[in-house]
Number of protein chains: 2
Amino acid sequence: MRQVAALAGVGTKTVSRVINGEPNVSSAMIAKVKQAADSLDYQPDLHAGNLRRADGRTKTLGLLVGSVANPFYGTLHRAVEEAASARGIAVFASSLDDDPDREQGLVSAFLQRRVDGLILTTVTKSQAYLAPELRRGTPLVFIDREPAGIEADAVVSDNAAGSALATRHLLEHGHRRIAYLGDLDSIQTARERRRGFLEELGRAGVATRDIPVVVDLHDEVAANRAVLALLDSTDPPTALFTSQNLVTIGAITALRARALQNRVALVGFDDISLADLLTPGITVIAQNPQRIGELAAERLLARLDGDRTPTHSYVVPTELIARGSGEIGPHA
Amino acid sequence: MRQVAALAGVGTKTVSRVINGEPNVSSAMIAKVKQAADSLDYQPDLHAGNLRRADGRTKTLGLLVGSVANPFYGTLHRAVEEAASARGIAVFASSLDDDPDREQGLVSAFLQRRVDGLILTTVTKSQAYLAPELRRGTPLVFIDREPAGIEADAVVSDNAAGSALATRHLLEHGHRRIAYLGDLDSIQTARERRRGFLEELGRAGVATRDIPVVVDLHDEVAANRAVLALLDSTDPPTALFTSQNLVTIGAITALRARALQNRVALVGFDDISLADLLTPGITVIAQNPQRIGELAAERLLARLDGDRTPTHSYVVPTELIARGSGEIGPHA
DNA sequence: ATGAAAGCGCTAACAT
DNA sequence: ATGTTAGCGCTTTCAT
């Protein structure tokens with residue numbers, strides 16, 4: 001900046017004014033400074049400025065998700081980016097991989113880079129460690145799972161209601177013997193989905209005692225194995241409800257292995273790509289990652305703009321998409 | 001930092017030494033400072049330090065891709081993140097959306113945040129605008145497409161060879177009338193893929209004159225329409241080669257609309273998820289986004305470590321995955 | 001082994 | 001409308 005000032009023959013503050021588009025600069029000055037800046041390929045240092053600037057904003061925000069390679073989070077990331085870039089805010093994105101230590105390390109790494117705010121899913125038991133930062137005024141918006149040990153905004157899917165919807169759908173198609181296949185019970189959203197399933201059965205007056213409920217399925221292979229065991233049992237279910245993407249895929253391959261894909265109904269939580277091109281098409285409870293990202297970004301930006309209303313958990317509705325597999329009857 | 005120093009009753013430089021783990025500090029001092037830092041929830045400001053620090057590294061890098069919502073780039077992003085986080089480097093990620101202005105804006109935004117380096121796909125005609133930055137010592141690694149108007153490292157897929165491979169595969173299964181369905185001809189990789197296709201036909205002595213070559217298909221709908229037109233023509237192709245994901249999907253829906261999915265062969269460039277669960281399974285030329293990300297990060301880090309060897313374009317091989325659709329014969 | 005002073009690139013506050 | 005001085009939070013250099 002000093003070089004630009006020297007070349008243009010002006011004071012550094014004038015350069016600063018031109019760069020930041022502040023008022024009260026003559027157009028001759030503006031032209032002179034801009035030309036000098038261009039010829040030196042000058043790039044202002046945002047962080048140096050923020051050191052002294054009143055609001056201290058870095059125009060940067062951190063996003064912590066399960067994995068940036070997961071299309072669900074990719075879509076969410078995109079929505080956040082969209083809202084952020086409209087305000088000149090850049091986005092750091094990192095993957096947690098269900099590792100609580102990694103979560104803390106990444107949060108710390110972002111804070112050291114002075115992000116203006118954080119949008120994060122969380123895998124730690126408690127997020128109380130974030131309380132000091134929250135008090136300091138850094139806005140936090142939790143996504144996917146609600147925070148524990150701390151009060152902050154959250155944007156989550158309607159897990160229990162979505163599961164209930166899926167369950168009702170299968171009940172309405174005549175099923176009574178519906179198996180539940182769930183993810184790790186240590187995951188809050190997984191428990192919510194199971195709760196929605198069981199409560200809906202209760203409302204319908206179906207005894208849950210004999211209902212097969214398998215949990216702690218975290219990958220395709222485990223899901224495949226669990227479904228095969230169910231199908232091969234003496235009293236196999238007439239319908240399956242799978243609580244997560246990979247479990248759904250494992251179920252599909254298991255059904256096909258027994259040539260039952262057109263005889264046993266299947267509804268999966270979370271949409272899978274090309275589900276409509278499979279035979280049968282896979283009926284799912286679709287989440288809305290784009291909306292989650294949008295809302296989270298909107299809340300974060302509002303907080304940055306001074307919104308001091310009480311924290312709130314926003315629930316984004318899920319949607320049942322019927323494609324065939326969920327509409328198979330019990331006597332097919 | 002001053003507060004920490006005051007609370008611990010030491011000089012600021014001692015705090016700095018403790019925080020950065022520099023040698024020559026007594027363990028009593030270390031304990032005292034750490035405790036003071038903890039009790040104040042002190043987070044060092046990385047950027048303030050970098051202002052004066054000799055190497056001026058922000059431990060931050062920028063990644064520019066087509067869209068973070070695209071699973072291909074999600075996987076690539078993940079690989080970059082993996083390599084970066086191992087060295088304490090955070091990653092900015094942004095989406096270009098084929099918008100050259102956006103590219104320049106994002107590059108500038110990253111540079112103002114003083115990223116240590118940039119990994120980027122590019123949609124501008126020339127990247128000469130990056131030359132000053134490159135001279136300044138900021139390492140640049142181009143991915144997906146090679147740079148123009150500037151000399152820098154690049155990591156790309158073997159587009160032409162992959163296309164040739166697909167073409168040979170179809171030729172070997174007896175096809176002579178193979179239609180090519182390509183993306184926008186303004187995209188370098190799209191042209192490369194078409195070149196590979198035509199050259200392989202040439203090598204096989206197949207006259208390309210009567211081969212249907214449709215380009216500028218950028219989405220599923222356009223691809224669907226183009227394939228339907230081909231199938232309905234007087235001399236329909238016995239095989240299709242689609243040069244991109246969305247085009248492949250458009251082709252699948254078109255084949256199904258005419259109930260020809262088991263009679264007309266199909267090979268797609270770029271893998272699509274669940275391709276193996278479709279009927280028939282979709283044969284593809286799979287790229288290796290993980291390897292591209294890994295290599296790009298590796299090169300960038302090497303440059304940061306002082307590697308001054310001449311720039312090079314690394315070519316990541318593609319792979320044919322046979323799943324059924326590409327093995328249909330011409331007389332099915 | 002520890003600390004004081006200067007300065008990184010910039011903006012705030014106050015001149016002029 | 002423009003320039004000057006101080007200082008943001010840190011690291012460097014140089015003393016002690």
# chains A, B, ... in the order shown; residues from 1 in each chain; ligands from 1
>>> interface_residues(of="chain B", to="chain D", cutoff="7 Å", atoms="only C-alpha atoms (C1' of nucleotides)", output="MDAnalysis selection string")
chainID B and resid 45 48:49 52:53
>>> calpha_fit_and_write(fixed="chain A", moving="chain B", output="mmCIF file with C-alpha atoms, in the first residue's frame")
data_model
loop_
_atom_site.group_PDB
_atom_site.id
_atom_site.type_symbol
_atom_site.label_atom_id
_atom_site.label_comp_id
_atom_site.auth_asym_id
_atom_site.auth_seq_id
_atom_site.Cartn_x
_atom_site.Cartn_y
_atom_site.Cartn_z
ATOM 1 C CA MET B 1 -0.051 -0.002 0.033
ATOM 2 C CA ARG B 2 2.832 2.276 0.784
ATOM 3 C CA GLN B 3 4.212 1.554 -2.679
ATOM 4 C CA VAL B 4 0.917 2.468 -4.261
ATOM 5 C CA ALA B 5 0.785 5.686 -2.252
ATOM 6 C CA ALA B 6 4.335 6.546 -3.255
ATOM 7 C CA LEU B 7 3.725 5.825 -6.936
ATOM 8 C CA ALA B 8 0.544 7.873 -6.949
ATOM 9 C CA GLY B 9 2.229 10.567 -4.910
ATOM 10 C CA VAL B 10 -0.407 10.589 -2.193
ATOM 11 C CA GLY B 11 -0.769 9.618 1.430
ATOM 12 C CA THR B 12 -1.591 6.063 2.456
ATOM 13 C CA LYS B 13 -4.902 7.140 3.868
ATOM 14 C CA THR B 14 -5.988 8.360 0.463
ATOM 15 C CA VAL B 15 -5.182 4.974 -1.014
ATOM 16 C CA SER B 16 -7.199 3.396 1.764
ATOM 17 C CA ARG B 17 -10.115 5.672 0.941
ATOM 18 C CA VAL B 18 -10.036 4.804 -2.721
ATOM 19 C CA ILE B 19 -9.739 1.069 -2.142
ATOM 20 C CA ASN B 20 -12.663 1.053 0.249
ATOM 21 C CA GLY B 21 -14.753 3.419 -1.803
ATOM 22 C CA GLU B 22 -15.046 5.927 0.989
ATOM 23 C CA PRO B 23 -16.587 9.319 0.183
ATOM 24 C CA ASN B 24 -14.812 12.658 -0.011
ATOM 25 C CA VAL B 25 -12.167 11.797 -2.558
ATOM 26 C CA SER B 26 -11.797 13.768 -5.762
ATOM 27 C CA SER B 27 -12.258 11.784 -8.935
ATOM 28 C CA ALA B 28 -8.805 12.825 -10.139
ATOM 29 C CA MET B 29 -7.361 11.245 -7.020
ATOM 30 C CA ILE B 30 -9.388 8.102 -7.514
ATOM 31 C CA ALA B 31 -8.133 7.643 -11.054
ATOM 32 C CA LYS B 32 -4.527 8.250 -10.073
ATOM 33 C CA VAL B 33 -4.616 5.780 -7.199
ATOM 34 C CA LYS B 34 -6.449 3.106 -9.155
ATOM 35 C CA GLN B 35 -3.918 3.276 -11.918
ATOM 36 C CA ALA B 36 -1.015 2.991 -9.500
ATOM 37 C CA ALA B 37 -2.684 0.037 -7.796
ATOM 38 C CA ASP B 38 -3.261 -1.718 -11.089
ATOM 39 C CA SER B 39 0.244 -1.245 -12.329
ATOM 40 C CA LEU B 40 1.619 -2.737 -9.124
ATOM 41 C CA ASP B 41 -0.942 -5.581 -9.069
ATOM 42 C CA TYR B 42 -1.836 -4.438 -5.626
ATOM 43 C CA GLN B 43 -4.096 -6.723 -3.617
ATOM 44 C CA PRO B 44 -5.205 -5.222 -0.313
ATOM 45 C CA ASP B 45 -4.650 -7.409 2.717
ATOM 46 C CA LEU B 46 -8.052 -8.003 4.236
ATOM 47 C CA HIS B 47 -6.697 -9.288 7.519
ATOM 48 C CA ALA B 48 -4.296 -6.449 8.115
ATOM 49 C CA GLY B 49 -7.207 -4.098 7.782
ATOM 50 C CA ASN B 50 -9.362 -6.088 10.148
ATOM 51 C CA LEU B 51 -6.762 -5.723 12.830
ATOM 52 C CA ARG B 52 -7.630 -2.101 13.318
ATOM 53 C CA ARG B 53 -11.086 -1.950 11.802
ATOM 54 C CA ALA B 54 -13.952 -1.187 14.147
ATOM 55 C CA ASP B 55 -16.149 -4.233 13.481
ATOM 56 C CA GLY B 56 -13.198 -6.565 12.987
ATOM 57 C CA ARG B 57 -15.110 -8.657 10.467
ATOM 58 C CA THR B 58 -13.067 -11.024 8.333
ATOM 59 C CA LYS B 59 -15.941 -11.706 5.931
ATOM 60 C CA THR B 60 -15.228 -15.359 6.425
ATOM 61 C CA LEU B 61 -17.311 -18.128 7.865
ATOM 62 C CA GLY B 62 -16.647 -21.700 8.845
ATOM 63 C CA LEU B 63 -18.741 -24.701 7.872
ATOM 64 C CA LEU B 64 -18.287 -28.031 9.624
ATOM 65 C CA VAL B 65 -20.076 -31.035 8.171
ATOM 66 C CA GLY B 66 -19.858 -34.806 8.267
ATOM 67 C CA SER B 67 -17.982 -34.924 4.999
ATOM 68 C CA VAL B 68 -17.738 -32.547 2.081
ATOM 69 C CA ALA B 69 -17.786 -35.630 -0.146
ATOM 70 C CA ASN B 70 -21.302 -36.487 1.004
ATOM 71 C CA PRO B 71 -23.796 -35.130 -1.559
ATOM 72 C CA PHE B 72 -26.196 -34.150 1.206
ATOM 73 C CA TYR B 73 -23.626 -31.816 2.699
ATOM 74 C CA GLY B 74 -22.434 -30.750 -0.745
ATOM 75 C CA THR B 75 -25.883 -29.389 -1.485
ATOM 76 C CA LEU B 76 -26.078 -27.775 1.921
ATOM 77 C CA HIS B 77 -22.623 -26.265 1.462
ATOM 78 C CA ARG B 78 -23.720 -24.830 -1.852
ATOM 79 C CA ALA B 79 -26.712 -23.114 -0.291
ATOM 80 C CA VAL B 80 -24.533 -21.620 2.426
ATOM 81 C CA GLU B 81 -22.009 -20.464 -0.128
ATOM 82 C CA GLU B 82 -24.736 -18.827 -2.173
ATOM 83 C CA ALA B 83 -25.982 -16.744 0.726
ATOM 84 C CA ALA B 84 -22.474 -15.917 1.893
ATOM 85 C CA SER B 85 -21.009 -14.919 -1.436
ATOM 86 C CA ALA B 86 -23.864 -12.483 -1.981
ATOM 87 C CA ARG B 87 -22.347 -10.571 0.917
ATOM 88 C CA GLY B 88 -18.730 -11.073 -0.040
ATOM 89 C CA ILE B 89 -18.218 -13.711 2.603
ATOM 90 C CA ALA B 90 -15.894 -16.641 1.906
ATOM 91 C CA VAL B 91 -16.554 -20.102 3.318
ATOM 92 C CA PHE B 92 -14.142 -22.505 4.982
ATOM 93 C CA ALA B 93 -15.450 -26.057 4.787
ATOM 94 C CA SER B 94 -14.172 -29.081 6.666
ATOM 95 C CA SER B 95 -15.174 -32.662 7.325
ATOM 96 C CA LEU B 96 -15.654 -34.145 10.767
ATOM 97 C CA ASP B 97 -15.800 -37.859 10.048
ATOM 98 C CA ASP B 98 -17.572 -38.511 13.329
ATOM 99 C CA ASP B 99 -14.402 -37.618 15.180
ATOM 100 C CA PRO B 100 -15.009 -35.426 18.245
ATOM 101 C CA ASP B 101 -11.329 -34.515 18.549
ATOM 102 C CA ARG B 102 -11.313 -33.406 14.973
ATOM 103 C CA GLU B 103 -14.346 -31.259 15.645
ATOM 104 C CA GLN B 104 -12.601 -29.402 18.425
ATOM 105 C CA GLY B 105 -9.445 -29.015 16.385
ATOM 106 C CA LEU B 106 -11.280 -27.656 13.388
ATOM 107 C CA VAL B 107 -13.331 -25.249 15.447
ATOM 108 C CA SER B 108 -10.151 -23.976 16.997
ATOM 109 C CA ALA B 109 -8.465 -23.667 13.593
ATOM 110 C CA PHE B 110 -11.377 -21.615 12.342
ATOM 111 C CA LEU B 111 -11.453 -19.395 15.387
ATOM 112 C CA GLN B 112 -7.752 -18.687 15.049
ATOM 113 C CA ARG B 113 -8.542 -17.502 11.559
ATOM 114 C CA ARG B 114 -11.168 -15.249 13.078
ATOM 115 C CA VAL B 115 -14.206 -16.463 11.198
ATOM 116 C CA ASP B 116 -17.197 -14.199 11.704
ATOM 117 C CA GLY B 117 -19.401 -17.172 12.490
ATOM 118 C CA LEU B 118 -19.733 -20.937 12.434
ATOM 119 C CA ILE B 119 -22.299 -23.287 10.898
ATOM 120 C CA LEU B 120 -21.719 -26.749 12.213
ATOM 121 C CA THR B 121 -22.945 -30.245 12.694
ATOM 122 C CA THR B 122 -21.515 -31.727 15.800
ATOM 123 C CA VAL B 123 -20.287 -35.115 16.938
ATOM 124 C CA THR B 124 -19.209 -34.209 20.440
ATOM 125 C CA LYS B 125 -21.388 -35.121 23.416
ATOM 126 C CA SER B 126 -21.557 -31.526 24.573
ATOM 127 C CA GLN B 127 -20.721 -28.277 22.896
ATOM 128 C CA ALA B 128 -20.234 -26.413 26.147
ATOM 129 C CA TYR B 129 -16.666 -25.790 25.028
ATOM 130 C CA LEU B 130 -18.084 -23.248 22.596
ATOM 131 C CA ALA B 131 -19.746 -21.150 25.284
ATOM 132 C CA PRO B 132 -16.864 -18.660 25.679
ATOM 133 C CA GLU B 133 -16.852 -18.020 21.961
ATOM 134 C CA LEU B 134 -20.580 -17.544 21.898
ATOM 135 C CA ARG B 135 -20.295 -15.020 24.743
ATOM 136 C CA ARG B 136 -17.610 -13.238 22.794
ATOM 137 C CA GLY B 137 -20.246 -12.642 20.149
ATOM 138 C CA THR B 138 -19.369 -15.209 17.485
ATOM 139 C CA PRO B 139 -22.689 -16.442 16.101
ATOM 140 C CA LEU B 140 -23.132 -20.193 15.997
ATOM 141 C CA VAL B 141 -25.764 -22.084 14.040
ATOM 142 C CA PHE B 142 -26.017 -25.826 14.488
ATOM 143 C CA ILE B 143 -27.266 -27.948 11.640
ATOM 144 C CA ASP B 144 -28.525 -31.512 11.435
ATOM 145 C CA ARG B 145 -28.297 -32.032 15.168
ATOM 146 C CA GLU B 146 -29.312 -29.743 18.009
ATOM 147 C CA PRO B 147 -26.630 -28.468 20.362
ATOM 148 C CA ALA B 148 -26.157 -29.804 23.879
ATOM 149 C CA GLY B 149 -24.845 -27.892 26.862
ATOM 150 C CA ILE B 150 -25.161 -24.574 25.100
ATOM 151 C CA GLU B 151 -27.882 -22.309 23.803
ATOM 152 C CA ALA B 152 -27.675 -21.522 20.114
ATOM 153 C CA ASP B 153 -29.716 -21.488 16.931
ATOM 154 C CA ALA B 154 -30.200 -24.766 15.137
ATOM 155 C CA VAL B 155 -31.648 -25.915 11.843
ATOM 156 C CA VAL B 156 -32.643 -29.556 11.681
ATOM 157 C CA SER B 157 -34.738 -31.952 9.640
ATOM 158 C CA ASP B 158 -37.997 -33.160 11.015
ATOM 159 C CA ASN B 159 -36.601 -36.587 11.740
ATOM 160 C CA ALA B 160 -39.337 -38.019 13.925
ATOM 161 C CA ALA B 161 -42.164 -36.640 11.777
ATOM 162 C CA GLY B 162 -40.492 -37.915 8.615
ATOM 163 C CA SER B 163 -40.183 -41.376 10.096
ATOM 164 C CA ALA B 164 -43.776 -41.269 11.208
ATOM 165 C CA LEU B 165 -44.781 -40.305 7.708
ATOM 166 C CA ALA B 166 -42.921 -43.244 6.217
ATOM 167 C CA THR B 167 -44.422 -45.571 8.754
ATOM 168 C CA ARG B 168 -47.949 -44.329 8.152
ATOM 169 C CA HIS B 169 -47.411 -44.767 4.435
ATOM 170 C CA LEU B 170 -46.519 -48.417 4.911
ATOM 171 C CA LEU B 171 -49.380 -48.948 7.359
ATOM 172 C CA GLU B 172 -51.802 -47.458 4.870
ATOM 173 C CA HIS B 173 -50.609 -49.917 2.281
ATOM 174 C CA GLY B 174 -51.649 -52.674 4.604
ATOM 175 C CA HIS B 175 -48.369 -53.601 6.265
ATOM 176 C CA ARG B 176 -48.285 -54.607 9.903
ATOM 177 C CA ARG B 177 -44.997 -56.405 10.029
ATOM 178 C CA ILE B 178 -42.555 -53.583 9.248
ATOM 179 C CA ALA B 179 -38.882 -53.925 10.088
ATOM 180 C CA TYR B 180 -36.858 -50.921 11.201
ATOM 181 C CA LEU B 181 -33.199 -50.683 10.225
ATOM 182 C CA GLY B 182 -31.323 -47.881 11.901
ATOM 183 C CA ASP B 183 -27.954 -46.236 12.152
ATOM 184 C CA LEU B 184 -25.765 -46.044 15.261
ATOM 185 C CA ASP B 185 -27.876 -45.418 18.295
ATOM 186 C CA SER B 186 -25.294 -42.942 19.520
ATOM 187 C CA ILE B 187 -26.421 -40.504 16.831
ATOM 188 C CA GLN B 188 -29.201 -38.202 17.947
ATOM 189 C CA THR B 189 -30.931 -38.057 14.576
ATOM 190 C CA ALA B 190 -30.913 -41.849 14.383
ATOM 191 C CA ARG B 191 -32.681 -42.071 17.723
ATOM 192 C CA GLU B 192 -35.223 -39.490 16.616
ATOM 193 C CA ARG B 193 -36.024 -41.451 13.505
ATOM 194 C CA ARG B 194 -36.528 -44.619 15.474
ATOM 195 C CA ARG B 195 -38.746 -42.788 17.914
ATOM 196 C CA GLY B 196 -40.932 -41.481 15.078
ATOM 197 C CA PHE B 197 -41.276 -44.997 13.720
ATOM 198 C CA LEU B 198 -42.255 -46.590 17.011
ATOM 199 C CA GLU B 199 -44.608 -43.815 18.007
ATOM 200 C CA GLU B 200 -46.484 -44.046 14.742
ATOM 201 C CA LEU B 201 -46.893 -47.779 15.177
ATOM 202 C CA GLY B 202 -48.217 -47.044 18.636
ATOM 203 C CA ARG B 203 -50.728 -44.540 17.281
ATOM 204 C CA ALA B 204 -51.918 -47.168 14.832
ATOM 205 C CA GLY B 205 -52.325 -49.661 17.634
ATOM 206 C CA VAL B 206 -49.724 -52.040 16.259
ATOM 207 C CA ALA B 207 -47.965 -53.982 18.972
ATOM 208 C CA THR B 208 -44.304 -53.108 18.736
ATOM 209 C CA ARG B 209 -43.261 -56.170 20.659
ATOM 210 C CA ASP B 210 -42.814 -58.366 17.629
ATOM 211 C CA ILE B 211 -41.543 -55.649 15.323
ATOM 212 C CA PRO B 212 -37.948 -56.265 14.250
ATOM 213 C CA VAL B 213 -35.839 -53.237 15.164
ATOM 214 C CA VAL B 214 -32.197 -53.476 14.174
ATOM 215 C CA VAL B 215 -29.891 -50.570 14.999
ATOM 216 C CA ASP B 216 -26.206 -49.659 14.859
ATOM 217 C CA LEU B 217 -26.002 -50.252 11.118
ATOM 218 C CA HIS B 218 -23.470 -47.730 9.891
ATOM 219 C CA ASP B 219 -22.599 -49.019 6.443
ATOM 220 C CA GLU B 220 -23.937 -50.824 3.423
ATOM 221 C CA VAL B 221 -22.390 -54.167 4.264
ATOM 222 C CA ALA B 222 -23.828 -54.317 7.756
ATOM 223 C CA ALA B 223 -27.222 -53.266 6.454
ATOM 224 C CA ASN B 224 -27.141 -55.870 3.710
ATOM 225 C CA ARG B 225 -26.336 -58.582 6.204
ATOM 226 C CA ALA B 226 -29.047 -57.476 8.612
ATOM 227 C CA VAL B 227 -31.709 -57.435 5.898
ATOM 228 C CA LEU B 228 -30.704 -60.846 4.587
ATOM 229 C CA ALA B 229 -31.055 -62.238 8.085
ATOM 230 C CA LEU B 230 -34.546 -60.769 8.374
ATOM 231 C CA LEU B 231 -35.635 -62.064 4.987
ATOM 232 C CA ASP B 232 -34.372 -65.522 5.785
ATOM 233 C CA SER B 233 -36.088 -65.665 9.171
ATOM 234 C CA THR B 234 -39.167 -67.771 9.835
ATOM 235 C CA ASP B 235 -41.489 -64.783 9.941
ATOM 236 C CA PRO B 236 -39.994 -62.223 7.525
ATOM 237 C CA PRO B 237 -41.275 -58.645 7.438
ATOM 238 C CA THR B 238 -43.509 -57.529 4.569
ATOM 239 C CA ALA B 239 -41.975 -54.066 4.579
ATOM 240 C CA LEU B 240 -38.707 -52.369 5.518
ATOM 241 C CA PHE B 241 -38.042 -48.883 6.767
ATOM 242 C CA THR B 242 -34.396 -47.931 6.466
ATOM 243 C CA SER B 243 -33.292 -44.859 8.371
ATOM 244 C CA GLN B 244 -30.373 -43.736 6.271
ATOM 245 C CA ASN B 245 -28.864 -43.723 2.800
ATOM 246 C CA LEU B 246 -26.287 -46.458 3.066
ATOM 247 C CA VAL B 247 -28.699 -48.667 4.945
ATOM 248 C CA THR B 248 -31.238 -48.187 2.184
ATOM 249 C CA ILE B 249 -28.717 -49.245 -0.446
ATOM 250 C CA GLY B 250 -27.699 -52.258 1.601
ATOM 251 C CA ALA B 251 -31.369 -53.189 1.835
ATOM 252 C CA ILE B 252 -31.854 -52.878 -1.920
ATOM 253 C CA THR B 253 -28.985 -55.231 -2.669
ATOM 254 C CA ALA B 254 -30.260 -57.685 -0.074
ATOM 255 C CA LEU B 255 -33.784 -57.644 -1.532
ATOM 256 C CA ARG B 256 -32.381 -58.262 -4.981
ATOM 257 C CA ALA B 257 -30.200 -61.092 -3.756
ATOM 258 C CA ARG B 258 -33.416 -62.819 -2.679
ATOM 259 C CA ALA B 259 -35.372 -61.571 -5.725
ATOM 260 C CA LEU B 260 -37.824 -59.919 -3.352
ATOM 261 C CA GLN B 261 -37.543 -56.319 -4.536
ATOM 262 C CA ASN B 262 -41.047 -56.472 -5.986
ATOM 263 C CA ARG B 263 -42.565 -58.360 -3.085
ATOM 264 C CA VAL B 264 -41.230 -56.641 0.033
ATOM 265 C CA ALA B 265 -41.965 -52.941 0.429
ATOM 266 C CA LEU B 266 -39.194 -50.455 1.191
ATOM 267 C CA VAL B 267 -39.141 -46.846 2.280
ATOM 268 C CA GLY B 268 -35.827 -45.158 2.959
ATOM 269 C CA PHE B 269 -35.047 -42.056 4.958
ATOM 270 C CA ASP B 270 -32.999 -39.603 2.881
ATOM 271 C CA ASP B 271 -33.186 -39.428 -0.884
ATOM 272 C CA ILE B 272 -30.725 -41.350 -3.035
ATOM 273 C CA SER B 273 -29.743 -40.279 -6.509
ATOM 274 C CA LEU B 274 -31.257 -42.118 -9.465
ATOM 275 C CA ALA B 275 -33.726 -43.722 -7.089
ATOM 276 C CA ASP B 276 -36.377 -43.176 -9.745
ATOM 277 C CA LEU B 277 -34.442 -45.163 -12.357
ATOM 278 C CA LEU B 278 -34.232 -48.293 -10.250
ATOM 279 C CA THR B 279 -36.791 -51.074 -10.597
ATOM 280 C CA PRO B 280 -38.846 -50.607 -8.590
ATOM 281 C CA GLY B 281 -38.231 -46.911 -7.944
ATOM 282 C CA ILE B 282 -37.299 -46.317 -4.324
ATOM 283 C CA THR B 283 -39.814 -44.500 -2.163
ATOM 284 C CA VAL B 284 -38.058 -42.179 0.238
ATOM 285 C CA ILE B 285 -38.445 -39.540 2.889
ATOM 286 C CA ALA B 286 -36.453 -36.746 1.311
ATOM 287 C CA GLN B 287 -34.677 -34.194 3.419
ATOM 288 C CA ASN B 288 -34.066 -30.721 2.105
ATOM 289 C CA PRO B 289 -30.371 -29.967 2.489
ATOM 290 C CA GLN B 290 -30.640 -26.855 0.377
ATOM 291 C CA ARG B 291 -33.273 -25.384 2.630
ATOM 292 C CA ILE B 292 -31.266 -26.307 5.714
ATOM 293 C CA GLY B 293 -28.216 -24.526 4.326
ATOM 294 C CA GLU B 294 -30.233 -21.505 3.269
ATOM 295 C CA LEU B 295 -31.897 -21.153 6.641
ATOM 296 C CA ALA B 296 -28.684 -21.680 8.582
ATOM 297 C CA ALA B 297 -26.911 -19.023 6.542
ATOM 298 C CA GLU B 298 -29.847 -16.671 6.856
ATOM 299 C CA ARG B 299 -29.857 -17.019 10.625
ATOM 300 C CA LEU B 300 -26.106 -16.571 10.871
ATOM 301 C CA LEU B 301 -26.166 -13.430 8.759
ATOM 302 C CA ALA B 302 -29.076 -12.053 10.772
ATOM 303 C CA ARG B 303 -27.094 -12.586 13.978
ATOM 304 C CA LEU B 304 -24.148 -10.831 12.402
ATOM 305 C CA ASP B 305 -26.485 -7.986 11.571
ATOM 306 C CA GLY B 306 -27.319 -7.641 15.219
ATOM 307 C CA ASP B 307 -30.369 -9.855 15.644
ATOM 308 C CA ARG B 308 -30.639 -10.451 19.400
ATOM 309 C CA THR B 309 -33.882 -12.412 19.494
ATOM 310 C CA PRO B 310 -33.882 -15.599 21.579
ATOM 311 C CA THR B 311 -32.247 -18.638 20.003
ATOM 312 C CA HIS B 312 -34.523 -20.986 18.155
ATOM 313 C CA SER B 313 -34.495 -24.435 16.579
ATOM 314 C CA TYR B 314 -35.808 -24.331 13.059
ATOM 315 C CA VAL B 315 -37.303 -27.544 11.771
ATOM 316 C CA VAL B 316 -37.180 -28.162 8.037
ATOM 317 C CA PRO B 317 -39.955 -30.491 6.882
ATOM 318 C CA THR B 318 -39.240 -33.728 5.084
ATOM 319 C CA GLU B 319 -41.252 -35.027 2.184
ATOM 320 C CA LEU B 320 -42.385 -38.458 1.092
ATOM 321 C CA ILE B 321 -41.605 -39.241 -2.526
ATOM 322 C CA ALA B 322 -43.502 -42.311 -3.732
ATOM 323 C CA ARG B 323 -41.698 -44.165 -6.501
ATOM 324 C CA GLY B 324 -42.900 -47.722 -6.272
ATOM 325 C CA SER B 325 -41.006 -49.616 -3.604
ATOM 326 C CA GLY B 326 -43.101 -48.148 -0.832
ATOM 327 C CA GLU B 327 -46.392 -48.927 -2.510
ATOM 328 C CA ILE B 328 -45.975 -52.679 -2.641
ATOM 329 C CA GLY B 329 -48.717 -54.387 -0.639
ATOM 330 C CA PRO B 330 -48.166 -57.034 2.056
ATOM 331 C CA HIS B 331 -49.553 -59.867 -0.038
ATOM 332 C CA ALA B 332 -47.604 -59.238 -3.211
#
>>> closest_atom_pairs(of="chain C", to="chain A", cutoff="6 Å", atoms="only C-alpha atoms (C1' of nucleotides)", output="CSV")
residue,atom,partner,partner_atom,distance
C:DG9,C1',A:Ala48,CA,5.3
C:DC10,C1',A:Gly49,CA,4.3
C:DT11,C1',A:Arg52,CA,5.5
>>> select_by_dssp(residues="segment 100-252 of chain B", states="alpha helix (DSSP H)", output="PyMOL selection string")
chain B and resi 100-112+131-135+159-172+188-203+220-231+245-252
>>> select_by_dssp(residues="segment 69-215 of chain B", states="strand (DSSP E or B)", output="MDAnalysis selection string")
chainID B and resid 90:95 117:120 140:143 153:157 178:181 213:214
